[in-house]
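Shown here: final.pdb, PDB, N, CA and C atoms, pLDDT in the B column.
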ATOM      1  N   MET V  12     -28.407-115.885 -18.601  1.00 58.00           N
ATOM      2  CA  MET V  12     -28.489-115.387 -17.245  1.00 58.00           C
ATOM      3  C   MET V  12     -29.164-114.034 -17.279  1.00 58.00           C
ATOM      4  N   SER V  13     -30.259-113.923 -16.560  1.00 79.00           N
ATOM      5  CA  SER V  13     -31.025-112.695 -16.652  1.00 79.00           C
ATOM      6  C   SER V  13     -31.065-111.916 -15.340  1.00 79.00           C
ATOM      7  N   GLY V  14     -31.185-112.596 -14.230  1.00 89.00           N
ATOM      8  CA  GLY V  14     -31.299-111.899 -12.964  1.00 89.00           C
ATOM      9  C   GLY V  14     -32.688-111.334 -12.730  1.00 89.00           C
ATOM     10  N   GLU V  15     -33.666-111.892 -13.426  1.00 93.00           N
ATOM     11  CA  GLU V  15     -35.036-111.389 -13.317  1.00 93.00           C
ATOM     12  C   GLU V  15     -35.604-111.564 -11.910  1.00 93.00           C
ATOM     13  N   ILE V  16     -35.370-112.715 -11.311  1.00 95.00           N
ATOM     14  CA  ILE V  16     -35.875-112.964  -9.957  1.00 95.00           C
ATOM     15  C   ILE V  16     -35.185-112.027  -8.967  1.00 95.00           C
ATOM     16  N   VAL V  17     -33.889-111.843  -9.132  1.00 96.00           N
ATOM     17  CA  VAL V  17     -33.131-110.941  -8.265  1.00 96.00           C
ATOM     18  C   VAL V  17     -33.714-109.527  -8.356  1.00 96.00           C
ATOM     19  N   ASP V  18     -33.970-109.076  -9.565  1.00 96.00           N
ATOM     20  CA  ASP V  18     -34.528-107.743  -9.785  1.00 96.00           C
ATOM     21  C   ASP V  18     -35.866-107.587  -9.067  1.00 96.00           C
ATOM     22  N   LYS V  19     -36.742-108.547  -9.228  1.00 96.00           N
ATOM     23  CA  LYS V  19     -38.070-108.469  -8.610  1.00 96.00           C
ATOM     24  C   LYS V  19     -37.989-108.487  -7.088  1.00 96.00           C
ATOM     25  N   VAL V  20     -37.150-109.357  -6.543  1.00 97.00           N
ATOM     26  CA  VAL V  20     -37.034-109.491  -5.089  1.00 97.00           C
ATOM     27  C   VAL V  20     -36.439-108.227  -4.463  1.00 97.00           C
ATOM     28  N   VAL V  21     -35.348-107.735  -5.026  1.00 97.00           N
ATOM     29  CA  VAL V  21     -34.710-106.538  -4.481  1.00 97.00           C
ATOM     30  C   VAL V  21     -35.658-105.344  -4.589  1.00 97.00           C
ATOM     31  N   ASN V  22     -36.323-105.215  -5.720  1.00 96.00           N
ATOM     32  CA  ASN V  22     -37.273-104.124  -5.920  1.00 96.00           C
ATOM     33  C   ASN V  22     -38.400-104.193  -4.882  1.00 96.00           C
ATOM     34  N   TYR V  23     -38.920-105.380  -4.652  1.00 97.00           N
ATOM     35  CA  TYR V  23     -40.009-105.562  -3.689  1.00 97.00           C
ATOM     36  C   TYR V  23     -39.575-105.200  -2.274  1.00 97.00           C
ATOM     37  N   VAL V  24     -38.431-105.702  -1.852  1.00 97.00           N
ATOM     38  CA  VAL V  24     -37.959-105.466  -0.488  1.00 97.00           C
ATOM     39  C   VAL V  24     -37.675-103.977  -0.270  1.00 97.00           C
ATOM     40  N   VAL V  25     -36.964-103.363  -1.204  1.00 97.00           N
ATOM     41  CA  VAL V  25     -36.608-101.955  -1.051  1.00 97.00           C
ATOM     42  C   VAL V  25     -37.855-101.079  -1.086  1.00 97.00           C
ATOM     43  N   SER V  26     -38.805-101.400  -1.942  1.00 96.00           N
ATOM     44  CA  SER V  26     -40.008-100.564  -2.045  1.00 96.00           C
ATOM     45  C   SER V  26     -40.841-100.599  -0.769  1.00 96.00           C
ATOM     46  N   ASN V  27     -40.710-101.650   0.014  1.00 96.00           N
ATOM     47  CA  ASN V  27     -41.443-101.727   1.274  1.00 96.00           C
ATOM     48  C   ASN V  27     -40.703-101.064   2.434  1.00 96.00           C
ATOM     49  N   ILE V  28     -39.491-100.612   2.197  1.00 96.00           N
ATOM     50  CA  ILE V  28     -38.709 -99.952   3.233  1.00 96.00           C
ATOM     51  C   ILE V  28     -38.774 -98.426   3.091  1.00 96.00           C
ATOM     52  N   VAL V  29     -38.748 -97.945   1.866  1.00 96.00           N
ATOM     53  CA  VAL V  29     -38.618 -96.506   1.616  1.00 96.00           C
ATOM     54  C   VAL V  29     -39.958 -95.773   1.657  1.00 96.00           C
ATOM     55  N   ASP V  30     -39.874 -94.433   1.766  1.00 95.00           N
ATOM     56  CA  ASP V  30     -41.065 -93.592   1.703  1.00 95.00           C
ATOM     57  C   ASP V  30     -41.435 -93.255   0.264  1.00 95.00           C
ATOM     58  N   ASN V  31     -40.426 -93.075  -0.584  1.00 93.00           N
ATOM     59  CA  ASN V  31     -40.633 -92.675  -1.976  1.00 93.00           C
ATOM     60  C   ASN V  31     -40.387 -93.859  -2.910  1.00 93.00           C
ATOM     61  N   ALA V  32     -41.331 -94.782  -2.941  1.00 93.00           N
ATOM     62  CA  ALA V  32     -41.158 -96.004  -3.731  1.00 93.00           C
ATOM     63  C   ALA V  32     -41.086 -95.718  -5.227  1.00 93.00           C
ATOM     64  N   ASP V  33     -41.628 -94.584  -5.669  1.00 95.00           N
ATOM     65  CA  ASP V  33     -41.597 -94.253  -7.090  1.00 95.00           C
ATOM     66  C   ASP V  33     -40.211 -93.825  -7.562  1.00 95.00           C
ATOM     67  N   GLN V  34     -39.291 -93.568  -6.641  1.00 95.00           N
ATOM     68  CA  GLN V  34     -37.941 -93.134  -7.009  1.00 95.00           C
ATOM     69  C   GLN V  34     -36.902 -94.252  -6.920  1.00 95.00           C
ATOM     70  N   ILE V  35     -37.351 -95.477  -6.782  1.00 95.00           N
ATOM     71  CA  ILE V  35     -36.426 -96.620  -6.708  1.00 95.00           C
ATOM     72  C   ILE V  35     -36.016 -97.030  -8.116  1.00 95.00           C
ATOM     73  N   GLU V  36     -34.724 -97.287  -8.273  1.00 96.00           N
ATOM     74  CA  GLU V  36     -34.212 -97.850  -9.512  1.00 96.00           C
ATOM     75  C   GLU V  36     -33.334 -99.043  -9.151  1.00 96.00           C
ATOM     76  N   VAL V  37     -33.684-100.195  -9.683  1.00 96.00           N
ATOM     77  CA  VAL V  37     -32.857-101.385  -9.494  1.00 96.00           C
ATOM     78  C   VAL V  37     -32.435-101.854 -10.876  1.00 96.00           C
ATOM     79  N   GLU V  38     -31.126-101.873 -11.096  1.00 95.00           N
ATOM     80  CA  GLU V  38     -30.602-102.314 -12.382  1.00 95.00           C
ATOM     81  C   GLU V  38     -29.698-103.518 -12.145  1.00 95.00           C
ATOM     82  N   VAL V  39     -29.983-104.612 -12.822  1.00 95.00           N
ATOM     83  CA  VAL V  39     -29.182-105.826 -12.687  1.00 95.00           C
ATOM     84  C   VAL V  39     -28.230-105.888 -13.873  1.00 95.00           C
ATOM     85  N   VAL V  40     -26.933-105.868 -13.573  1.00 95.00           N
ATOM     86  CA  VAL V  40     -25.892-105.814 -14.593  1.00 95.00           C
ATOM     87  C   VAL V  40     -25.071-107.095 -14.550  1.00 95.00           C
ATOM     88  N   ASP V  41     -24.777-107.656 -15.721  1.00 93.00           N
ATOM     89  CA  ASP V  41     -23.914-108.842 -15.780  1.00 93.00           C
ATOM     90  C   ASP V  41     -22.521-108.500 -15.255  1.00 93.00           C
ATOM     91  N   ASP V  42     -21.953-109.419 -14.499  1.00 89.00           N
ATOM     92  CA  ASP V  42     -20.627-109.213 -13.922  1.00 89.00           C
ATOM     93  C   ASP V  42     -19.790-110.466 -14.137  1.00 89.00           C
ATOM     94  N   GLY V  43     -19.697-110.874 -15.387  1.00 87.00           N
ATOM     95  CA  GLY V  43     -18.944-112.078 -15.705  1.00 87.00           C
ATOM     96  C   GLY V  43     -19.865-113.277 -15.831  1.00 87.00           C
ATOM     97  N   GLU V  44     -19.263-114.434 -15.901  1.00 88.00           N
ATOM     98  CA  GLU V  44     -20.019-115.681 -16.059  1.00 88.00           C
ATOM     99  C   GLU V  44     -20.761-116.023 -14.777  1.00 88.00           C
ATOM    100  N   ASP V  45     -22.051-116.215 -14.885  1.00 92.00           N
ATOM    101  CA  ASP V  45     -22.898-116.620 -13.752  1.00 92.00           C
ATOM    102  C   ASP V  45     -22.828-115.658 -12.564  1.00 92.00           C
ATOM    103  N   ALA V  46     -22.667-114.373 -12.830  1.00 95.00           N
ATOM    104  CA  ALA V  46     -22.628-113.379 -11.756  1.00 95.00           C
ATOM    105  C   ALA V  46     -23.325-112.098 -12.206  1.00 95.00           C
ATOM    106  N   VAL V  47     -24.035-111.477 -11.281  1.00 96.00           N
ATOM    107  CA  VAL V  47     -24.693-110.200 -11.564  1.00 96.00           C
ATOM    108  C   VAL V  47     -24.489-109.248 -10.396  1.00 96.00           C
ATOM    109  N   VAL V  48     -24.632-107.968 -10.689  1.00 96.00           N
ATOM    110  CA  VAL V  48     -24.596-106.931  -9.666  1.00 96.00           C
ATOM    111  C   VAL V  48     -25.927-106.200  -9.733  1.00 96.00           C
ATOM    112  N   ALA V  49     -26.621-106.116  -8.614  1.00 96.00           N
ATOM    113  CA  ALA V  49     -27.863-105.355  -8.536  1.00 96.00           C
ATOM    114  C   ALA V  49     -27.508-103.973  -7.991  1.00 96.00           C
ATOM    115  N   GLU V  50     -27.677-102.954  -8.837  1.00 97.00           N
ATOM    116  CA  GLU V  50     -27.384-101.580  -8.439  1.00 97.00           C
ATOM    117  C   GLU V  50     -28.683-100.927  -7.994  1.00 97.00           C
ATOM    118  N   VAL V  51     -28.727-100.495  -6.739  1.00 97.00           N
ATOM    119  CA  VAL V  51     -29.945 -99.932  -6.154  1.00 97.00           C
ATOM    120  C   VAL V  51     -29.758 -98.431  -5.963  1.00 97.00           C
ATOM    121  N   ARG V  52     -30.692 -97.667  -6.507  1.00 96.00           N
ATOM    122  CA  ARG V  52     -30.705 -96.218  -6.309  1.00 96.00           C
ATOM    123  C   ARG V  52     -32.050 -95.829  -5.706  1.00 96.00           C
ATOM    124  N   THR V  53     -32.004 -94.951  -4.699  1.00 96.00           N
ATOM    125  CA  THR V  53     -33.228 -94.451  -4.077  1.00 96.00           C
ATOM    126  C   THR V  53     -33.102 -92.940  -3.929  1.00 96.00           C
ATOM    127  N   ALA V  54     -34.170 -92.315  -3.440  1.00 94.00           N
ATOM    128  CA  ALA V  54     -34.097 -90.899  -3.105  1.00 94.00           C
ATOM    129  C   ALA V  54     -33.073 -90.734  -1.987  1.00 94.00           C
ATOM    130  N   LYS V  55     -32.387 -89.591  -1.983  1.00 94.00           N
ATOM    131  CA  LYS V  55     -31.352 -89.360  -0.959  1.00 94.00           C
ATOM    132  C   LYS V  55     -31.911 -89.504   0.453  1.00 94.00           C
ATOM    133  N   SER V  56     -33.143 -89.068   0.649  1.00 94.00           N
ATOM    134  CA  SER V  56     -33.743 -89.134   1.984  1.00 94.00           C
ATOM    135  C   SER V  56     -34.037 -90.567   2.425  1.00 94.00           C
ATOM    136  N   ASP V  57     -34.107 -91.502   1.482  1.00 95.00           N
ATOM    137  CA  ASP V  57     -34.412 -92.899   1.811  1.00 95.00           C
ATOM    138  C   ASP V  57     -33.176 -93.783   1.935  1.00 95.00           C
ATOM    139  N   MET V  58     -32.018 -93.295   1.489  1.00 95.00           N
ATOM    140  CA  MET V  58     -30.820 -94.139   1.482  1.00 95.00           C
ATOM    141  C   MET V  58     -30.453 -94.609   2.889  1.00 95.00           C
ATOM    142  N   GLY V  59     -30.617 -93.774   3.878  1.00 94.00           N
ATOM    143  CA  GLY V  59     -30.313 -94.174   5.258  1.00 94.00           C
ATOM    144  C   GLY V  59     -31.208 -95.297   5.741  1.00 94.00           C
ATOM    145  N   ARG V  60     -32.462 -95.270   5.329  1.00 95.00           N
ATOM    146  CA  ARG V  60     -33.394 -96.339   5.716  1.00 95.00           C
ATOM    147  C   ARG V  60     -32.999 -97.659   5.058  1.00 95.00           C
ATOM    148  N   VAL V  61     -32.529 -97.586   3.819  1.00 96.00           N
ATOM    149  CA  VAL V  61     -32.160 -98.793   3.074  1.00 96.00           C
ATOM    150  C   VAL V  61     -30.885 -99.405   3.646  1.00 96.00           C
ATOM    151  N   ILE V  62     -29.954 -98.571   4.081  1.00 95.00           N
ATOM    152  CA  ILE V  62     -28.702 -99.083   4.641  1.00 95.00           C
ATOM    153  C   ILE V  62     -28.901 -99.515   6.087  1.00 95.00           C
ATOM    154  N   GLY V  63     -29.638 -98.735   6.867  1.00 95.00           N
ATOM    155  CA  GLY V  63     -29.930 -99.112   8.250  1.00 95.00           C
ATOM    156  C   GLY V  63     -28.774 -98.866   9.191  1.00 95.00           C
ATOM    157  N   ARG V  64     -29.037 -99.049  10.459  1.00 95.00           N
ATOM    158  CA  ARG V  64     -27.998 -98.856  11.470  1.00 95.00           C
ATOM    159  C   ARG V  64     -26.936 -99.932  11.320  1.00 95.00           C
ATOM    160  N   ARG V  65     -25.702 -99.442  11.252  1.00 96.00           N
ATOM    161  CA  ARG V  65     -24.550-100.338  11.092  1.00 96.00           C
ATOM    162  C   ARG V  65     -24.684-101.253   9.878  1.00 96.00           C
ATOM    163  N   GLY V  66     -25.489-100.858   8.906  1.00 96.00           N
ATOM    164  CA  GLY V  66     -25.617-101.631   7.669  1.00 96.00           C
ATOM    165  C   GLY V  66     -26.446-102.885   7.789  1.00 96.00           C
ATOM    166  N   ARG V  67     -27.231-102.998   8.832  1.00 97.00           N
ATOM    167  CA  ARG V  67     -27.997-104.232   9.054  1.00 97.00           C
ATOM    168  C   ARG V  67     -29.053-104.473   7.985  1.00 97.00           C
ATOM    169  N   VAL V  68     -29.753-103.425   7.585  1.00 97.00           N
ATOM    170  CA  VAL V  68     -30.795-103.592   6.563  1.00 97.00           C
ATOM    171  C   VAL V  68     -30.143-103.942   5.230  1.00 97.00           C
ATOM    172  N   ALA V  69     -29.048-103.254   4.901  1.00 97.00           N
ATOM    173  CA  ALA V  69     -28.336-103.541   3.658  1.00 97.00           C
ATOM    174  C   ALA V  69     -27.847-104.993   3.640  1.00 97.00           C
ATOM    175  N   LYS V  70     -27.354-105.465   4.758  1.00 97.00           N
ATOM    176  CA  LYS V  70     -26.883-106.854   4.850  1.00 97.00           C
ATOM    177  C   LYS V  70     -28.041-107.826   4.630  1.00 97.00           C
ATOM    178  N   ALA V  71     -29.202-107.502   5.200  1.00 97.00           N
ATOM    179  CA  ALA V  71     -30.375-108.362   5.023  1.00 97.00           C
ATOM    180  C   ALA V  71     -30.822-108.376   3.557  1.00 97.00           C
ATOM    181  N   ILE V  72     -30.792-107.216   2.917  1.00 97.00           N
ATOM    182  CA  ILE V  72     -31.164-107.146   1.501  1.00 97.00           C
ATOM    183  C   ILE V  72     -30.192-107.981   0.667  1.00 97.00           C
ATOM    184  N   ARG V  73     -28.909-107.895   0.983  1.00 97.00           N
ATOM    185  CA  ARG V  73     -27.906-108.690   0.250  1.00 97.00           C
ATOM    186  C   ARG V  73     -28.149-110.194   0.444  1.00 97.00           C
ATOM    187  N   THR V  74     -28.516-110.594   1.656  1.00 97.00           N
ATOM    188  CA  THR V  74     -28.776-112.005   1.939  1.00 97.00           C
ATOM    189  C   THR V  74     -29.959-112.516   1.129  1.00 97.00           C
ATOM    190  N   VAL V  75     -31.034-111.735   1.086  1.00 97.00           N
ATOM    191  CA  VAL V  75     -32.223-112.122   0.319  1.00 97.00           C
ATOM    192  C   VAL V  75     -31.899-112.161  -1.177  1.00 97.00           C
ATOM    193  N   ALA V  76     -31.116-111.192  -1.648  1.00 97.00           N
ATOM    194  CA  ALA V  76     -30.743-111.150  -3.068  1.00 97.00           C
ATOM    195  C   ALA V  76     -29.894-112.367  -3.443  1.00 97.00           C
ATOM    196  N   LYS V  77     -28.993-112.774  -2.565  1.00 97.00           N
ATOM    197  CA  LYS V  77     -28.172-113.956  -2.840  1.00 97.00           C
ATOM    198  C   LYS V  77     -29.037-115.211  -2.904  1.00 97.00           C
ATOM    199  N   ALA V  78     -30.041-115.292  -2.033  1.00 96.00           N
ATOM    200  CA  ALA V  78     -30.959-116.437  -2.073  1.00 96.00           C
ATOM    201  C   ALA V  78     -31.746-116.444  -3.379  1.00 96.00           C
ATOM    202  N   ALA V  79     -32.165-115.268  -3.834  1.00 95.00           N
ATOM    203  CA  ALA V  79     -32.877-115.176  -5.115  1.00 95.00           C
ATOM    204  C   ALA V  79     -31.952-115.565  -6.261  1.00 95.00           C
ATOM    205  N   GLY V  80     -30.687-115.180  -6.164  1.00 95.00           N
ATOM    206  CA  GLY V  80     -29.712-115.544  -7.186  1.00 95.00           C
ATOM    207  C   GLY V  80     -29.470-117.038  -7.248  1.00 95.00           C
ATOM    208  N   ASP V  81     -29.532-117.703  -6.106  1.00 95.00           N
ATOM    209  CA  ASP V  81     -29.370-119.156  -6.066  1.00 95.00           C
ATOM    210  C   ASP V  81     -30.454-119.846  -6.889  1.00 95.00           C
ATOM    211  N   GLU V  82     -31.661-119.262  -6.912  1.00 92.00           N
ATOM    212  CA  GLU V  82     -32.745-119.828  -7.717  1.00 92.00           C
ATOM    213  C   GLU V  82     -32.398-119.827  -9.202  1.00 92.00           C
ATOM    214  N   GLU V  83     -31.609-118.830  -9.612  1.00 92.00           N
ATOM    215  CA  GLU V  83     -31.234-118.708 -11.022  1.00 92.00           C
ATOM    216  C   GLU V  83     -29.828-119.228 -11.300  1.00 92.00           C
ATOM    217  N   GLY V  84     -29.153-119.707 -10.260  1.00 94.00           N
ATOM    218  CA  GLY V  84     -27.787-120.193 -10.439  1.00 94.00           C
ATOM    219  C   GLY V  84     -26.792-119.062 -10.626  1.00 94.00           C
ATOM    220  N   LEU V  85     -27.062-117.903  -9.997  1.00 95.00           N
ATOM    221  CA  LEU V  85     -26.201-116.735 -10.151  1.00 95.00           C
ATOM    222  C   LEU V  85     -25.556-116.345  -8.830  1.00 95.00           C
ATOM    223  N   ASP V  86     -24.358-115.805  -8.935  1.00 96.00           N
ATOM    224  CA  ASP V  86     -23.696-115.179  -7.788  1.00 96.00           C
ATOM    225  C   ASP V  86     -24.116-113.713  -7.828  1.00 96.00           C
ATOM    226  N   VAL V  87     -24.647-113.203  -6.721  1.00 96.00           N
ATOM    227  CA  VAL V  87     -25.223-111.865  -6.707  1.00 96.00           C
ATOM    228  C   VAL V  87     -24.486-110.960  -5.730  1.00 96.00           C
ATOM    229  N   GLN V  88     -24.234-109.746  -6.165  1.00 96.00           N
ATOM    230  CA  GLN V  88     -23.752-108.690  -5.286  1.00 96.00           C
ATOM    231  C   GLN V  88     -24.725-107.533  -5.387  1.00 96.00           C
ATOM    232  N   VAL V  89     -24.902-106.814  -4.301  1.00 97.00           N
ATOM    233  CA  VAL V  89     -25.809-105.663  -4.289  1.00 97.00           C
ATOM    234  C   VAL V  89     -25.005-104.428  -3.929  1.00 97.00           C
ATOM    235  N   GLU V  90     -25.147-103.376  -4.740  1.00 97.00           N
ATOM    236  CA  GLU V  90     -24.491-102.104  -4.474  1.00 97.00           C
ATOM    237  C   GLU V  90     -25.554-101.035  -4.304  1.00 97.00           C
ATOM    238  N   PHE V  91     -25.361-100.185  -3.302  1.00 96.00           N
ATOM    239  CA  PHE V  91     -26.278 -99.084  -3.055  1.00 96.00           C
ATOM    240  C   PHE V  91     -25.600 -97.809  -3.516  1.00 96.00           C
ATOM    241  N   LEU V  92     -26.158 -97.177  -4.539  1.00 94.00           N
ATOM    242  CA  LEU V  92     -25.550 -96.003  -5.165  1.00 94.00           C
ATOM    243  C   LEU V  92     -26.377 -94.762  -4.914  1.00 94.00           C
ATOM    244  N   ASP V  93     -25.696 -93.580  -4.844  1.00 82.00           N
ATOM    245  CA  ASP V  93     -26.448 -92.339  -4.697  1.00 82.00           C
ATOM    246  C   ASP V  93     -26.835 -91.818  -6.051  1.00 82.00           C
TER
END

Go ahead and render the structure in this file as structure tokens.
Amino acid sequence: MSGEIVDKVVNYVVSNIVDNADQIEVEVVDDGEDAVVAEVRTAKSDMGRVIGRRGRVAKAIRTVAKAAGDEEGLDVQVEFLD
């Protein structure tokens, strides 16, 4: 289980939302059998854009990441870290 597709998809989506795409870090960490956690870090000024009003953008990113995880047979969670 690698989470390679999840990493690419989350990185692509987040990089198209933020102003400082060079400061994005997406790390996919194993979280047990057939599960991964995608940890997303951005510049502090971009975190609000990534989360969105009432968390709508974050929810959309999580939905896309879960769909990407389905391609690899993985259960995916996305965490947004400062």

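For the point (-29.9, -110.5, -7.7), the residues with at least one atom inside 6 Å, counting all atoms listed in the file, are Gly14, Ile16, Val17, Asp18, Ala49, Ala76, Lys77, Ala79, Gly80, Val87 and Gln88 of chain V.
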
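Using only C-alpha atoms, the protein and nucleic acid residues lying no more than 12 Å from Val68 (chain V), apart from those fewer than 2 places from it along its own chain, are Val24, Val25, Ile28, Val29, Met58, Gly59, Arg60, Val61, Ile62, Gly63, Arg64, Arg65, Gly66, Lys70, Ala71, Ile72, Arg73, Thr74, Val75 and Phe91 of chain V.
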
Restricting the calculation to all atoms listed in the file: of V:Val21, V:Val40, V:Ile35, V:Arg67, which residue gets closest to Arg52 (chain V)? V:Ile35

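With only C-alpha atoms as the atoms that count, the minimum distance from Thr53 (chain V) to the choices V:Ala78, V:Leu85, V:Val39, V:Ala32 is reached by V:Ala32.
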
Report the distance between CA of Asp45 (chain V) and CA of Ala69 (chain V) in Å, rounded to one decimal place. 22.4 Å

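Of note, atom C of Asp57 (chain V) and atom N of Glu82 (chain V) are spaced 27.0 Å apart.
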
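The shortest atom-to-atom distance to Ser13 (chain V), with only C-alpha atoms taken into account, belongs to V:Asp41 out of V:Lys55, V:Glu90, V:Gln34, V:Asp41.
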
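When atom C of Asp93 (chain V) is paired with atom C of Glu44 (chain V), their separation reads 26.4 Å.
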
How would you write, as a tab-separated table (two decimals) with N, CA and C atoms, in the coordinates of the input, the set of residues in chain V that DSSP gives as helix (DSSP H, G or I)?
chain	number	residue	atom	x	y	z
V	15	GLU	N	-33.67	-111.89	-13.43
V	15	GLU	CA	-35.04	-111.39	-13.32
V	15	GLU	C	-35.60	-111.56	-11.91
V	16	ILE	N	-35.37	-112.72	-11.31
V	16	ILE	CA	-35.88	-112.96	-9.96
V	16	ILE	C	-35.18	-112.03	-8.97
V	17	VAL	N	-33.89	-111.84	-9.13
V	17	VAL	CA	-33.13	-110.94	-8.26
V	17	VAL	C	-33.71	-109.53	-8.36
V	18	ASP	N	-33.97	-109.08	-9.56
V	18	ASP	CA	-34.53	-107.74	-9.78
V	18	ASP	C	-35.87	-107.59	-9.07
V	19	LYS	N	-36.74	-108.55	-9.23
V	19	LYS	CA	-38.07	-108.47	-8.61
V	19	LYS	C	-37.99	-108.49	-7.09
V	20	VAL	N	-37.15	-109.36	-6.54
V	20	VAL	CA	-37.03	-109.49	-5.09
V	20	VAL	C	-36.44	-108.23	-4.46
V	21	VAL	N	-35.35	-107.74	-5.03
V	21	VAL	CA	-34.71	-106.54	-4.48
V	21	VAL	C	-35.66	-105.34	-4.59
V	22	ASN	N	-36.32	-105.22	-5.72
V	22	ASN	CA	-37.27	-104.12	-5.92
V	22	ASN	C	-38.40	-104.19	-4.88
V	23	TYR	N	-38.92	-105.38	-4.65
V	23	TYR	CA	-40.01	-105.56	-3.69
V	23	TYR	C	-39.58	-105.20	-2.27
V	24	VAL	N	-38.43	-105.70	-1.85
V	24	VAL	CA	-37.96	-105.47	-0.49
V	24	VAL	C	-37.67	-103.98	-0.27
V	25	VAL	N	-36.96	-103.36	-1.20
V	25	VAL	CA	-36.61	-101.96	-1.05
V	25	VAL	C	-37.85	-101.08	-1.09
V	26	SER	N	-38.80	-101.40	-1.94
V	26	SER	CA	-40.01	-100.56	-2.04
V	26	SER	C	-40.84	-100.60	-0.77
V	32	ALA	N	-41.33	-94.78	-2.94
V	32	ALA	CA	-41.16	-96.00	-3.73
V	32	ALA	C	-41.09	-95.72	-5.23
V	33	ASP	N	-41.63	-94.58	-5.67
V	33	ASP	CA	-41.60	-94.25	-7.09
V	33	ASP	C	-40.21	-93.82	-7.56
V	34	GLN	N	-39.29	-93.57	-6.64
V	34	GLN	CA	-37.94	-93.13	-7.01
V	34	GLN	C	-36.90	-94.25	-6.92
V	55	LYS	N	-32.39	-89.59	-1.98
V	55	LYS	CA	-31.35	-89.36	-0.96
V	55	LYS	C	-31.91	-89.50	0.45
V	56	SER	N	-33.14	-89.07	0.65
V	56	SER	CA	-33.74	-89.13	1.98
V	56	SER	C	-34.04	-90.57	2.42
V	57	ASP	N	-34.11	-91.50	1.48
V	57	ASP	CA	-34.41	-92.90	1.81
V	57	ASP	C	-33.18	-93.78	1.94
V	58	MET	N	-32.02	-93.30	1.49
V	58	MET	CA	-30.82	-94.14	1.48
V	58	MET	C	-30.45	-94.61	2.89
V	59	GLY	N	-30.62	-93.77	3.88
V	59	GLY	CA	-30.31	-94.17	5.26
V	59	GLY	C	-31.21	-95.30	5.74
V	60	ARG	N	-32.46	-95.27	5.33
V	60	ARG	CA	-33.39	-96.34	5.72
V	60	ARG	C	-33.00	-97.66	5.06
V	61	VAL	N	-32.53	-97.59	3.82
V	61	VAL	CA	-32.16	-98.79	3.07
V	61	VAL	C	-30.88	-99.40	3.65
V	62	ILE	N	-29.95	-98.57	4.08
V	62	ILE	CA	-28.70	-99.08	4.64
V	62	ILE	C	-28.90	-99.52	6.09
V	64	ARG	N	-29.04	-99.05	10.46
V	64	ARG	CA	-28.00	-98.86	11.47
V	64	ARG	C	-26.94	-99.93	11.32
V	65	ARG	N	-25.70	-99.44	11.25
V	65	ARG	CA	-24.55	-100.34	11.09
V	65	ARG	C	-24.68	-101.25	9.88
V	66	GLY	N	-25.49	-100.86	8.91
V	66	GLY	CA	-25.62	-101.63	7.67
V	66	GLY	C	-26.45	-102.88	7.79
V	67	ARG	N	-27.23	-103.00	8.83
V	67	ARG	CA	-28.00	-104.23	9.05
V	67	ARG	C	-29.05	-104.47	7.98
V	68	VAL	N	-29.75	-103.42	7.58
V	68	VAL	CA	-30.80	-103.59	6.56
V	68	VAL	C	-30.14	-103.94	5.23
V	69	ALA	N	-29.05	-103.25	4.90
V	69	ALA	CA	-28.34	-103.54	3.66
V	69	ALA	C	-27.85	-104.99	3.64
V	70	LYS	N	-27.35	-105.46	4.76
V	70	LYS	CA	-26.88	-106.85	4.85
V	70	LYS	C	-28.04	-107.83	4.63
V	71	ALA	N	-29.20	-107.50	5.20
V	71	ALA	CA	-30.38	-108.36	5.02
V	71	ALA	C	-30.82	-108.38	3.56
V	72	ILE	N	-30.79	-107.22	2.92
V	72	ILE	CA	-31.16	-107.15	1.50
V	72	ILE	C	-30.19	-107.98	0.67
V	73	ARG	N	-28.91	-107.90	0.98
V	73	ARG	CA	-27.91	-108.69	0.25
V	73	ARG	C	-28.15	-110.19	0.44
V	74	THR	N	-28.52	-110.59	1.66
V	74	THR	CA	-28.78	-112.00	1.94
V	74	THR	C	-29.96	-112.52	1.13
V	75	VAL	N	-31.03	-111.74	1.09
V	75	VAL	CA	-32.22	-112.12	0.32
V	75	VAL	C	-31.90	-112.16	-1.18
V	76	ALA	N	-31.12	-111.19	-1.65
V	76	ALA	CA	-30.74	-111.15	-3.07
V	76	ALA	C	-29.89	-112.37	-3.44
V	77	LYS	N	-28.99	-112.77	-2.56
V	77	LYS	CA	-28.17	-113.96	-2.84
V	77	LYS	C	-29.04	-115.21	-2.90
V	78	ALA	N	-30.04	-115.29	-2.03
V	78	ALA	CA	-30.96	-116.44	-2.07
V	78	ALA	C	-31.75	-116.44	-3.38
V	79	ALA	N	-32.16	-115.27	-3.83
V	79	ALA	CA	-32.88	-115.18	-5.12
V	79	ALA	C	-31.95	-115.56	-6.26
V	80	GLY	N	-30.69	-115.18	-6.16
V	80	GLY	CA	-29.71	-115.54	-7.19
V	80	GLY	C	-29.47	-117.04	-7.25
V	81	ASP	N	-29.53	-117.70	-6.11
V	81	ASP	CA	-29.37	-119.16	-6.07
V	81	ASP	C	-30.45	-119.85	-6.89
V	82	GLU	N	-31.66	-119.26	-6.91
V	82	GLU	CA	-32.74	-119.83	-7.72
V	82	GLU	C	-32.40	-119.83	-9.20
V	83	GLU	N	-31.61	-118.83	-9.61
V	83	GLU	CA	-31.23	-118.71	-11.02
V	83	GLU	C	-29.83	-119.23	-11.30

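Within chain V, DSSP applied to the backbone places the following residues in strand (DSSP E or B): Glu36, Val37, Glu38, Val39, Val40, Asp41, Ala46, Val47, Val48, Ala49, Glu50, Val51, Arg52, Asp86, Val87, Gln88, Val89, Glu90, Phe91 and Leu92 of chain V.
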
Of the candidates V:Asp33, V:Glu38, V:Asp81, V:Glu15, which shows the shortest atom-to-atom distance to Glu50 (chain V), using only N, CA and C atoms? V:Glu38
